[in-house]
>>> print(open('start.txt').read())   # compact mmCIF, C-alpha atoms
# COMPACT_ATOMS: atom_id res chain seq x y z
CA MET A 15 -19.93 7.73 -17.15
CA THR A 16 -19.16 4.74 -19.29
CA ASP A 17 -21.52 2.79 -21.42
CA ASP A 18 -20.73 -0.43 -19.58
CA THR A 19 -23.73 -1.44 -17.59
CA PRO A 20 -23.85 -2.11 -13.88
CA ASP A 21 -24.36 -5.72 -14.87
CA ASP A 22 -20.69 -5.90 -15.92
CA LEU A 23 -19.55 -4.85 -12.52
CA ASP A 24 -22.10 -6.98 -10.78
CA HIS A 25 -20.81 -9.91 -12.75
CA LEU A 26 -17.27 -9.20 -11.73
CA MET A 27 -18.37 -8.90 -8.15
CA SER A 28 -20.12 -12.22 -8.29
CA ILE A 29 -16.85 -14.08 -8.83
CA ASP A 30 -15.61 -15.91 -5.78
CA PRO A 31 -11.85 -15.24 -5.63
CA LEU A 32 -11.26 -18.41 -3.65
CA GLU A 33 -12.21 -20.37 -6.71
CA LEU A 34 -9.79 -18.64 -9.04
CA SER A 35 -7.38 -21.03 -10.70
CA THR A 36 -5.13 -21.21 -13.73
CA LEU A 37 -5.80 -24.90 -14.26
CA PRO A 38 -7.30 -25.61 -17.70
CA GLY A 39 -10.90 -26.67 -17.76
CA THR A 40 -11.69 -25.48 -14.27
CA GLU A 41 -14.44 -23.09 -13.33
CA GLY A 42 -11.79 -21.03 -11.54
CA ARG A 43 -9.89 -20.50 -14.74
CA ARG A 44 -13.02 -19.36 -16.51
CA LYS A 45 -13.62 -16.84 -13.74
CA LEU A 46 -10.04 -15.63 -13.86
CA ASP A 47 -10.44 -15.14 -17.59
CA GLN A 48 -13.51 -13.04 -16.91
CA ILE A 49 -11.48 -10.70 -14.75
CA ILE A 50 -8.81 -10.38 -17.44
CA THR A 51 -11.43 -9.87 -20.12
CA TYR A 52 -13.01 -7.18 -17.98
CA GLN A 53 -9.69 -5.33 -17.82
CA ARG A 54 -9.33 -5.56 -21.59
CA LYS A 55 -12.86 -4.28 -22.08
CA GLN A 56 -12.13 -1.33 -19.83
CA ARG A 57 -9.11 -0.55 -21.98
CA THR A 58 -11.17 -0.71 -25.15
CA LEU A 59 -13.65 1.71 -23.61
CA ARG A 60 -10.92 4.14 -22.64
CA GLU A 61 -9.45 3.94 -26.12
CA ALA A 62 -12.88 4.78 -27.48
CA GLY A 63 -12.85 7.91 -25.38
CA VAL A 64 -15.30 6.68 -22.78
CA LYS A 65 -14.45 7.83 -19.30
CA PRO A 66 -14.36 5.06 -16.71
CA ARG A 67 -17.08 5.11 -14.13
CA LYS A 68 -16.17 6.04 -10.61
CA ALA A 69 -16.00 3.20 -8.14
CA LYS A 70 -18.97 4.66 -6.33
CA SER A 71 -21.83 6.43 -8.02
CA GLU A 72 -25.43 7.14 -7.40
CA SER A 73 -26.67 5.17 -10.37
CA ALA A 74 -24.84 1.95 -9.69
CA PRO A 75 -24.17 -0.25 -6.71
CA ALA A 76 -20.94 0.55 -4.91
CA VAL A 77 -18.23 -1.73 -6.26
CA GLN A 78 -14.79 -2.12 -4.75
CA LEU A 79 -12.13 -4.42 -6.09
CA SER A 80 -11.03 -4.87 -2.50
CA GLU A 81 -14.36 -6.52 -1.74
CA LEU A 82 -13.83 -8.92 -4.61
CA LEU A 83 -10.45 -9.85 -3.22
CA ALA A 84 -11.42 -9.88 0.42
CA SER A 85 -11.60 -13.62 0.75
CA LEU A 86 -8.29 -14.47 -0.91
CA PRO A 87 -5.67 -16.12 1.34
CA LYS A 88 -3.57 -13.57 3.19
CA PRO A 89 -0.18 -13.09 1.53
CA GLU A 90 3.07 -12.37 3.28
CA PRO A 91 3.71 -8.66 3.91
CA VAL A 92 5.46 -6.98 1.01
CA LYS A 93 8.48 -4.78 1.56
CA PRO A 94 8.36 -1.60 -0.47
CA LYS A 95 11.05 -1.06 -3.05
CA ARG A 96 11.96 2.41 -4.01
CA ARG A 97 12.86 3.62 -7.47
CA MET A 98 14.32 6.97 -8.14
CA MET B 15 8.29 -8.00 10.37
CA PRO B 16 8.36 -10.36 7.40
CA ASP B 17 10.46 -13.48 7.66
CA GLU B 18 13.11 -11.85 5.49
CA ALA B 19 16.47 -11.87 7.25
CA MET B 20 17.45 -8.52 8.65
CA PRO B 21 19.98 -7.00 6.28
CA ALA B 22 23.25 -5.63 7.57
CA SER B 23 23.41 -1.93 8.22
CA PRO B 24 24.67 0.12 5.27
CA PHE B 25 26.53 2.29 7.80
CA LEU B 26 29.87 1.61 9.45
CA PRO B 27 29.26 0.42 13.02
CA GLY B 28 28.52 3.23 15.45
CA THR B 29 28.58 5.90 12.76
CA HIS B 30 26.44 7.51 10.08
CA ILE B 31 29.14 6.83 7.51
CA GLN B 32 27.39 4.90 4.75
CA TYR B 33 29.54 2.34 2.96
CA ALA B 34 26.83 0.51 0.93
CA TRP B 35 25.25 2.78 -1.65
CA ASP B 36 22.53 2.43 -4.24
CA SER B 37 21.14 4.87 -6.77
CA THR B 38 18.40 6.01 -4.38
CA SER B 39 20.62 6.99 -1.48
CA LEU B 40 23.26 8.41 -3.80
CA GLY B 41 20.58 10.42 -5.58
CA TYR B 42 19.42 11.92 -2.29
CA LEU B 43 22.98 12.83 -1.36
CA LYS B 44 23.70 14.46 -4.70
CA THR B 45 20.39 16.33 -4.75
CA CYS B 46 20.60 17.70 -1.23
CA PRO B 47 22.49 16.48 1.85
CA ARG B 48 19.55 17.53 4.04
CA LEU B 49 17.21 15.41 1.92
CA TYR B 50 19.65 12.55 2.42
CA GLN B 51 19.64 13.17 6.17
CA TYR B 52 15.86 13.14 6.44
CA HIS B 53 15.46 9.98 4.38
CA MET B 54 18.54 7.88 4.97
CA ILE B 55 19.73 8.92 8.40
CA GLU B 56 16.43 9.68 10.13
CA GLY B 57 14.01 7.54 8.13
CA TRP B 58 11.28 10.11 7.42
CA ILE B 59 8.92 9.36 4.53
CA PRO B 60 5.85 11.29 3.37
CA LYS B 61 2.59 9.57 4.21
CA GLU B 62 1.65 9.29 0.55
CA GLU B 63 4.99 7.66 -0.32
CA SER B 64 3.59 4.28 0.68
CA ILE B 65 1.18 4.29 -2.27
CA HIS B 66 3.92 4.98 -4.82
CA LEU B 67 6.18 2.36 -3.27
CA ARG B 68 3.55 -0.37 -3.13
CA PHE B 69 2.24 0.34 -6.63
CA GLY B 70 5.77 0.19 -8.03
CA THR B 71 6.67 -2.89 -6.04
CA GLU B 72 3.64 -4.79 -7.28
CA PHE B 73 4.17 -3.79 -10.90
CA HIS B 74 7.79 -4.90 -10.75
CA GLN B 75 6.84 -8.19 -9.14
CA ALA B 76 4.20 -8.78 -11.81
CA MET B 77 6.74 -8.16 -14.57
CA HIS B 78 9.16 -10.49 -12.83
CA ASP B 79 6.49 -13.19 -12.69
CA TYR B 80 5.65 -12.60 -16.35
CA GLU B 81 9.25 -12.94 -17.53
CA ILE B 82 9.74 -16.11 -15.48
CA ALA B 83 6.56 -17.57 -16.97
CA LYS B 84 7.63 -16.67 -20.51
CA ALA B 85 11.11 -18.10 -19.99
CA SER B 86 9.59 -21.36 -18.83
CA GLY B 87 7.89 -21.69 -22.21
CA MET B 88 4.40 -20.84 -21.03
CA GLU B 89 1.89 -19.65 -23.62
CA PHE B 90 0.99 -15.96 -23.48
CA GLU B 91 -2.54 -16.28 -22.09
CA ASP B 92 -1.40 -18.79 -19.50
CA ALA B 93 1.35 -16.41 -18.41
CA VAL B 94 -1.20 -13.58 -18.10
CA ARG B 95 -3.39 -15.79 -15.90
CA GLU B 96 -0.47 -16.72 -13.66
CA VAL B 97 0.57 -13.10 -13.27
CA VAL B 98 -2.94 -11.80 -12.57
CA LEU B 99 -3.73 -14.53 -10.06
CA ALA B 100 -0.50 -13.90 -8.16
CA LEU B 101 -1.12 -10.15 -8.26
CA LEU B 102 -4.67 -10.48 -6.95
CA SER B 103 -3.43 -12.59 -4.07
CA ARG B 104 -0.70 -10.13 -3.14
CA ILE B 105 -2.82 -6.99 -3.24
CA GLN B 106 -5.71 -8.48 -1.33
CA THR B 107 -4.63 -6.85 1.92
CA TRP B 108 -3.35 -3.65 0.34
CA ASP B 109 -5.55 -0.88 1.62
CA PRO B 110 -4.31 2.42 0.19
CA ASP B 111 -5.74 5.53 1.82
CA PRO B 112 -8.20 7.04 -0.69
CA THR B 113 -7.73 10.50 0.82
CA LEU B 114 -4.09 10.64 -0.29
CA ARG B 115 -3.33 12.45 -3.53
CA PRO B 116 -1.78 9.54 -5.51
CA TYR B 117 -4.78 7.28 -4.84
CA SER B 118 -6.75 8.34 -7.91
CA HIS B 119 -3.96 7.09 -10.19
CA LYS B 120 -2.43 4.36 -8.07
CA ASN B 121 -4.92 1.96 -6.59
CA LYS B 122 -5.76 -1.73 -6.99
CA ALA B 123 -7.96 -1.31 -10.05
CA GLN B 124 -5.40 0.89 -11.78
CA LEU B 125 -2.66 -1.61 -11.00
CA LEU B 126 -4.59 -4.52 -12.45
CA TYR B 127 -5.42 -2.45 -15.53
CA LEU B 128 -1.76 -1.46 -15.96
CA VAL B 129 -0.38 -4.97 -15.63
CA VAL B 130 -2.80 -6.50 -18.13
CA ALA B 131 -2.42 -3.57 -20.54
CA TYR B 132 1.38 -3.78 -20.40
CA MET B 133 1.51 -7.51 -21.06
CA ASP B 134 -0.91 -7.11 -23.96
CA ALA B 135 1.03 -4.19 -25.41
CA TYR B 136 4.27 -6.14 -25.47
CA ARG B 137 2.96 -9.56 -26.29
CA ASP B 138 5.44 -9.57 -29.18
CA ASP B 139 8.17 -7.59 -27.53
CA PRO B 140 10.99 -6.43 -29.82
CA CYS B 141 13.18 -6.26 -26.72
CA GLU B 142 14.19 -9.79 -25.81
CA THR B 143 14.98 -10.55 -22.21
CA TYR B 144 18.63 -11.45 -21.74
CA ILE B 145 19.04 -15.01 -20.53
CA LEU B 146 21.72 -15.56 -17.91
CA ASP B 147 24.24 -18.40 -17.97
CA ASN B 148 22.09 -20.23 -15.41
CA GLY B 149 19.18 -20.20 -17.85
CA LEU B 150 17.13 -17.69 -15.89
CA PRO B 151 15.84 -14.47 -17.43
CA ALA B 152 17.69 -11.33 -16.34
CA VAL B 153 14.86 -9.68 -14.43
CA GLU B 154 15.05 -8.05 -10.99
CA LEU B 155 18.75 -8.72 -11.20
CA SER B 156 20.44 -7.77 -7.95
CA PHE B 157 24.00 -6.51 -7.90
CA LYS B 158 26.52 -5.69 -5.21
CA PHE B 159 30.16 -5.02 -5.85
CA GLN B 160 33.11 -3.27 -4.23
CA LEU B 161 34.73 -0.10 -5.41
CA ASP B 162 38.48 0.32 -5.17
CA PHE B 163 38.16 3.05 -2.58
CA GLY B 164 36.43 3.37 0.74
CA PRO B 165 35.76 5.59 3.75
CA GLN B 166 38.85 7.05 5.41
CA SER B 167 37.46 6.97 8.93
CA GLU B 168 39.03 4.68 11.53
CA ALA B 169 35.61 3.04 11.77
CA ALA B 170 36.27 1.61 8.32
CA ILE B 171 39.18 -0.47 9.59
CA PHE B 172 38.06 -4.02 10.15
CA GLU B 173 41.45 -5.68 10.52
CA PHE B 174 44.70 -4.26 11.72
CA ASP B 175 47.98 -5.88 12.50
CA GLU B 176 51.66 -5.25 12.01
CA TYR B 177 51.45 -6.24 8.36
CA ALA B 178 48.38 -4.56 7.05
CA VAL B 179 45.49 -2.22 7.65
CA ASN B 180 42.37 -3.55 5.98
CA ARG B 181 39.52 -1.15 5.38
CA HIS B 182 35.98 -1.52 4.18
CA SER B 183 35.58 -0.50 0.57
CA TYR B 184 32.46 1.22 -0.63
CA LEU B 185 29.83 -1.09 -2.09
CA LEU B 186 27.53 -0.27 -4.97
CA CYS B 187 24.23 -2.13 -4.76
CA GLY B 188 20.90 -2.22 -6.53
CA HIS B 189 18.47 -4.12 -8.68
CA LEU B 190 18.13 -4.01 -12.46
CA ASP B 191 14.50 -4.29 -13.57
CA ARG B 192 15.32 -6.21 -16.72
CA VAL B 193 18.22 -6.66 -19.12
CA VAL B 194 17.27 -6.90 -22.79
CA THR B 195 18.74 -7.34 -26.22
CA PHE B 196 17.51 -4.87 -28.79
CA SER B 197 18.97 -4.44 -32.28
CA SER B 198 21.93 -6.64 -31.30
CA GLU B 199 22.77 -4.36 -28.38
CA ILE B 200 22.37 -5.09 -24.68
CA PHE B 201 20.49 -2.60 -22.52
CA VAL B 202 19.26 -2.42 -18.98
CA MET B 203 15.54 -1.66 -19.01
CA ASP B 204 14.08 0.48 -16.26
CA TYR B 205 10.37 1.05 -15.60
CA LYS B 206 9.26 4.57 -14.74
CA THR B 207 5.71 5.61 -13.98
CA THR B 208 4.53 9.08 -14.88
CA THR B 209 1.17 10.79 -14.99
CA THR B 210 2.18 13.06 -17.84
CA THR B 211 2.83 12.32 -21.50
CA PRO B 212 6.51 11.41 -21.84
CA THR B 213 7.96 14.00 -24.20
CA ASP B 214 11.51 14.79 -25.29
CA TYR B 215 11.71 17.00 -22.23
CA TYR B 216 10.70 14.07 -20.03
CA PHE B 217 13.35 11.77 -21.45
CA ALA B 218 16.02 14.49 -21.29
CA GLN B 219 16.08 14.08 -17.51
CA TYR B 220 17.83 10.75 -17.97
CA SER B 221 21.02 12.12 -19.48
CA PRO B 222 23.08 12.80 -17.54
CA ASN B 223 21.45 10.84 -14.77
CA ASN B 224 22.91 9.21 -11.69
CA GLN B 225 20.72 6.10 -11.72
CA MET B 226 21.07 5.34 -15.42
CA THR B 227 24.84 5.70 -15.40
CA LEU B 228 25.10 3.50 -12.32
CA TYR B 229 22.83 0.88 -13.89
CA THR B 230 24.82 0.80 -17.12
CA PHE B 231 28.00 0.40 -15.10
CA ALA B 232 26.39 -2.31 -12.96
CA GLY B 233 25.14 -4.13 -16.04
CA LYS B 234 28.66 -4.25 -17.43
CA VAL B 235 30.08 -5.54 -14.15
CA VAL B 236 27.38 -8.11 -13.45
CA LEU B 237 27.11 -9.51 -16.98
CA ASP B 238 30.77 -8.97 -17.88
CA THR B 239 29.77 -7.79 -21.32
CA VAL B 240 29.16 -4.62 -23.28
CA VAL B 241 26.04 -2.78 -22.15
CA SER B 242 25.05 0.19 -24.28
CA GLY B 243 22.90 2.00 -21.76
CA VAL B 244 19.39 1.94 -20.35
CA ILE B 245 16.06 1.79 -22.12
CA ILE B 246 13.62 3.93 -20.18
CA GLU B 247 10.20 2.30 -20.20
CA ALA B 248 7.88 5.20 -19.40
CA LEU B 249 4.50 3.98 -18.17
CA GLN B 250 1.95 6.75 -18.40
CA VAL B 251 -0.47 5.92 -15.60
CA THR B 252 -3.72 7.74 -16.23
CA ASN B 253 -7.12 7.19 -14.70
CA GLU B 254 -9.28 8.15 -17.66
CA ALA B 255 -7.31 8.02 -20.92
CA PRO B 256 -5.70 4.75 -22.03
CA MET B 257 -2.36 4.11 -20.38
CA LYS B 258 0.51 4.53 -22.81
CA PHE B 259 3.95 3.00 -22.80
CA THR B 260 6.90 4.75 -24.42
CA ARG B 261 10.46 3.47 -24.67
CA ARG B 262 13.61 5.41 -25.32
CA PRO B 263 17.25 4.46 -24.89
CA THR B 264 19.80 6.56 -23.06
CA TYR B 265 23.37 5.63 -23.93
CA ARG B 266 26.45 5.63 -21.71
CA SER B 267 29.98 5.44 -23.07
CA ASP B 268 32.90 4.18 -21.01
CA GLU B 269 34.19 7.75 -20.80
CA VAL B 270 30.93 8.91 -19.25
CA ILE B 271 31.00 6.06 -16.74
CA ASP B 272 34.63 6.75 -15.84
CA GLU B 273 33.83 10.38 -15.15
CA TRP B 274 30.83 9.35 -13.05
CA LEU B 275 33.09 7.10 -10.98
CA ASP B 276 35.66 9.88 -10.56
CA ASP B 277 32.91 12.20 -9.36
CA LEU B 278 31.54 9.50 -7.09
CA GLU B 279 34.74 9.45 -5.08
CA TYR B 280 34.28 13.14 -4.30
CA HIS B 281 30.59 12.76 -3.48
CA LEU B 282 31.25 9.89 -1.09
CA ALA B 283 34.08 11.78 0.54
CA ASN B 284 31.61 14.60 1.11
CA ALA B 285 29.11 12.16 2.57
CA GLU B 286 31.74 10.90 4.98
CA SER B 287 32.63 14.42 6.07
CA PHE B 288 28.95 15.26 6.64
CA ALA B 289 28.55 12.11 8.72
CA THR B 290 31.68 12.81 10.71
CA ALA B 291 30.48 16.34 11.44
CA GLY B 292 26.93 15.13 12.11
CA TYR B 293 25.64 17.88 9.86
CA TRP B 294 24.08 17.60 6.41
CA PRO B 295 23.75 21.07 4.83
CA MET B 296 20.72 22.12 2.84
CA ASN B 297 21.06 22.62 -0.92
CA ASP B 298 18.50 25.35 -1.34
CA THR B 299 18.86 25.39 -5.12
CA ALA B 300 17.31 21.92 -5.39
CA CYS B 301 14.06 22.60 -3.52
CA GLY B 302 12.08 23.17 -6.72
CA MET B 303 13.35 20.17 -8.63
CA TYR B 304 10.97 17.44 -9.82
CA GLY B 305 7.89 19.46 -8.94
CA GLY B 306 9.21 20.45 -5.54
CA CYS B 307 10.98 18.56 -2.78
CA ARG B 308 8.71 16.70 -0.40
CA PHE B 309 10.55 18.33 2.53
CA ARG B 310 10.24 21.84 1.15
CA GLU B 311 7.64 22.92 3.69
CA VAL B 312 9.76 21.54 6.52
CA CYS B 313 12.96 23.22 5.38
CA SER B 314 11.19 26.54 4.91
CA ARG B 315 10.47 26.65 8.67
CA PRO B 316 12.94 27.81 11.32
CA ALA B 317 15.20 24.96 12.37
CA ALA B 318 13.90 24.99 15.92
CA ILE B 319 10.37 23.99 14.92
CA ARG B 320 11.05 21.66 11.99
CA ASP B 321 10.58 18.54 14.06
CA ARG B 322 6.98 19.52 14.71
CA PHE B 323 6.29 19.72 10.98
CA LEU B 324 8.13 16.50 10.26
CA LYS B 325 6.05 14.66 12.85
CA SER B 326 2.76 16.00 11.51
CA ASP B 327 3.30 15.38 7.79
CA PHE B 328 5.72 12.44 7.70
CA ILE B 329 6.18 8.98 9.11
CA GLN B 330 9.45 8.09 10.81
CA LEU B 331 10.17 4.47 10.02
CA PRO B 332 11.80 2.26 12.64
CA GLU B 333 15.44 1.61 11.89
CA GLU B 334 14.88 -1.90 10.56
CA GLU B 335 12.34 -0.64 8.00
CA ARG B 336 14.34 2.28 6.66
CA TRP B 337 15.74 2.30 3.18
CA ASN B 338 18.69 -0.07 3.08
CA PRO B 339 20.70 -0.71 -0.10
CA LEU B 340 21.76 -4.07 1.33
CA ARG B 341 18.20 -5.41 1.57
CA SER B 342 17.71 -8.32 -0.80
CA ARG B 343 14.63 -9.11 -2.84
>>> encode(input="start.txt", output="structure tokens")
Amino acid sequence: MTDDTPDDLDHLMSIDPLELSTLPGTEGRRKLDQIITYQRKQRTLREAGVKPRKAKSESAPAVQLSELLASLPKPEPVKPKRRM
Amino acid sequence: MPDEAMPASPFLPGTHIQYAWDSTSLGYLKTCPRLYQYHMIEGWIPKEESIHLRFGTEFHQAMHDYEIAKASGMEFEDAVREVVLALLSRIQTWDPDPTLRPYSHKNKAQLLYLVVAYMDAYRDDPCETYILDNGLPAVELSFKFQLDFGPQSEAAIFEFDEYAVNRHSYLLCGHLDRVVTFSSEIFVMDYKTTTTTPTDYYFAQYSPNNQMTLYTFAGKVVLDTVVSGVIIEALQVTNEAPMKFTRRPTYRSDEVIDEWLDDLEYHLANAESFATAGYWPMNDTACGMYGGCRFREVCSRPAAIRDRFLKSDFIQLPEEERWNPLRSR
């Protein structure tokens, strides 16, 4: 378990992906920054030796990144590229 | 099917003689002709392969987006935002099967973590992306060029008259992840994901190495300049410890490349003879390489019942979706 609270994940989940934007001064940009900041915080926690919490646990609401992204516009299918 | 134009077949018409080669298909052939048959000729892939492919594809695309943003003069944090937003949009419909073994390391959350961590780690990258004459950064640089030899089969003849017999030459194709300048030398950079700590033993696998020699050769041909070798960018993808990134160069002299090309002529002649015979023999000394061949269980069964095992554990891609060195990006 990590020491990040369920509130962190709840906060991430509360972001509406449709409103994400890179335009300065927009609410969407602020929300996008929150996602990036969340990733950086997770890294800091790992570097501190804190194991990341599982996506689903008994003590926290189930959180899936896929749910966060569910309402984004559908992209074109991506062809896989193989690397040896 | 995506709207991408259907690439030409890498095989001579009506045959299994491959004339367009990349490091992947050549690697299969050199490792084991039966492995080559299963992948390249018949289109079988393990079910879990899709996770590795998609994870790698998305990371490469993110790095491509990042380099383009940097080359356009964008500030670092703005570039990170652009990359993350594009990534989130692309992976929205990606639904990797959580029951497959690679899922714990290669899923959406891990991908997002990796991309942000990598950009942060190399915010001030000592390796500078090579800028092409057209002003674009040399990332995801596709190459395709002819060799001075080709298949000997009559199927390779595309023009014949009283004056000349024109034959298809072999083509070498592929994509260079990134070309960089480091310490006044030019290198191809190639991203490799690994779940283990990249040690000396890990990096030793890249010399000699089919892909890295081909990429050095391709870099020289495409850029028409001296390329010292390949910098291996080992991305340690972990799901608990911090992800670590380790670089190490592997050098290729002209002598090494010349020998590789000499050997290539023999390997491709073998490939043509296998295709002509319609039989790709098993190399049973390679089954344990790289942690064990994915087809090991299949090949360990009697030939008569192998199809049953292939169908239960693998997916046979339709012809248009099979690995094709001529497919563009």
>>> interface_residues(input="start.txt", of="chain B", to="chain A", cutoff="8 Å", atoms="all atoms listed in the file", output="ChimeraX atom specification")
/B:15-16,37-38,41,64,67-68,70-71,92,95-96,98-99,102-104,106-107,109,122-123,126-127,130-131,225,253-256
>>> write_last_selection(input="start.txt", atoms="C-alpha atoms", output="PDB file, in the coordinates of the input")
ATOM      1  CA  MET B  15       8.290  -8.000  10.370  1.00  0.00           C
ATOM      2  CA  PRO B  16       8.360 -10.360   7.400  1.00  0.00           C
ATOM      3  CA  SER B  37      21.140   4.870  -6.770  1.00  0.00           C
ATOM      4  CA  THR B  38      18.400   6.010  -4.380  1.00  0.00           C
ATOM      5  CA  GLY B  41      20.580  10.420  -5.580  1.00  0.00           C
ATOM      6  CA  SER B  64       3.590   4.280   0.680  1.00  0.00           C
ATOM      7  CA  LEU B  67       6.180   2.360  -3.270  1.00  0.00           C
ATOM      8  CA  ARG B  68       3.550  -0.370  -3.130  1.00  0.00           C
ATOM      9  CA  GLY B  70       5.770   0.190  -8.030  1.00  0.00           C
ATOM     10  CA  THR B  71       6.670  -2.890  -6.040  1.00  0.00           C
ATOM     11  CA  ASP B  92      -1.400 -18.790 -19.500  1.00  0.00           C
ATOM     12  CA  ARG B  95      -3.390 -15.790 -15.900  1.00  0.00           C
ATOM     13  CA  GLU B  96      -0.470 -16.720 -13.660  1.00  0.00           C
ATOM     14  CA  VAL B  98      -2.940 -11.800 -12.570  1.00  0.00           C
ATOM     15  CA  LEU B  99      -3.730 -14.530 -10.060  1.00  0.00           C
ATOM     16  CA  LEU B 102      -4.670 -10.480  -6.950  1.00  0.00           C
ATOM     17  CA  SER B 103      -3.430 -12.590  -4.070  1.00  0.00           C
ATOM     18  CA  ARG B 104      -0.700 -10.130  -3.140  1.00  0.00           C
ATOM     19  CA  GLN B 106      -5.710  -8.480  -1.330  1.00  0.00           C
ATOM     20  CA  THR B 107      -4.630  -6.850   1.920  1.00  0.00           C
ATOM     21  CA  ASP B 109      -5.550  -0.880   1.620  1.00  0.00           C
ATOM     22  CA  LYS B 122      -5.760  -1.730  -6.990  1.00  0.00           C
ATOM     23  CA  ALA B 123      -7.960  -1.310 -10.050  1.00  0.00           C
ATOM     24  CA  LEU B 126      -4.590  -4.520 -12.450  1.00  0.00           C
ATOM     25  CA  TYR B 127      -5.420  -2.450 -15.530  1.00  0.00           C
ATOM     26  CA  VAL B 130      -2.800  -6.500 -18.130  1.00  0.00           C
ATOM     27  CA  ALA B 131      -2.420  -3.570 -20.540  1.00  0.00           C
ATOM     28  CA  GLN B 225      20.720   6.100 -11.720  1.00  0.00           C
ATOM     29  CA  ASN B 253      -7.120   7.190 -14.700  1.00  0.00           C
ATOM     30  CA  GLU B 254      -9.280   8.150 -17.660  1.00  0.00           C
ATOM     31  CA  ALA B 255      -7.310   8.020 -20.920  1.00  0.00           C
ATOM     32  CA  PRO B 256      -5.700   4.750 -22.030  1.00  0.00           C
TER      33      PRO B 256
END
>>> closest_residue(input="start.txt", among="B:Leu237, B:Trp35, B:Pro116, B:Phe217", to="B:Pro60", atoms="only C-alpha atoms")
B:Pro116
>>> atom_distance(input="start.txt", atom1="atom CA of B:Tyr144", atom2="atom CA of B:Phe201")
9.1 Å
>>> atom_distance(input="start.txt", atom1="atom CA of B:Leu249", atom2="atom CA of B:Tyr205")
7.0 Å
>>> atom_distance(input="start.txt", atom1="atom CA of B:Met203", atom2="atom CA of B:Asp191")
6.1 Å
>>> residues_near_point(input="start.txt", point="(2.1, 10.1, -15.0)", cutoff="8 Å", atoms="all atoms listed in the file", output="MDAnalysis selection string")
chainID B and resid 207:211 249:252
>>> closest_residue(input="start.txt", among="B:Thr299, B:Gln75, B:Ser86, B:Ser314", to="B:Leu150", atoms="only C-alpha atoms")
B:Ser86
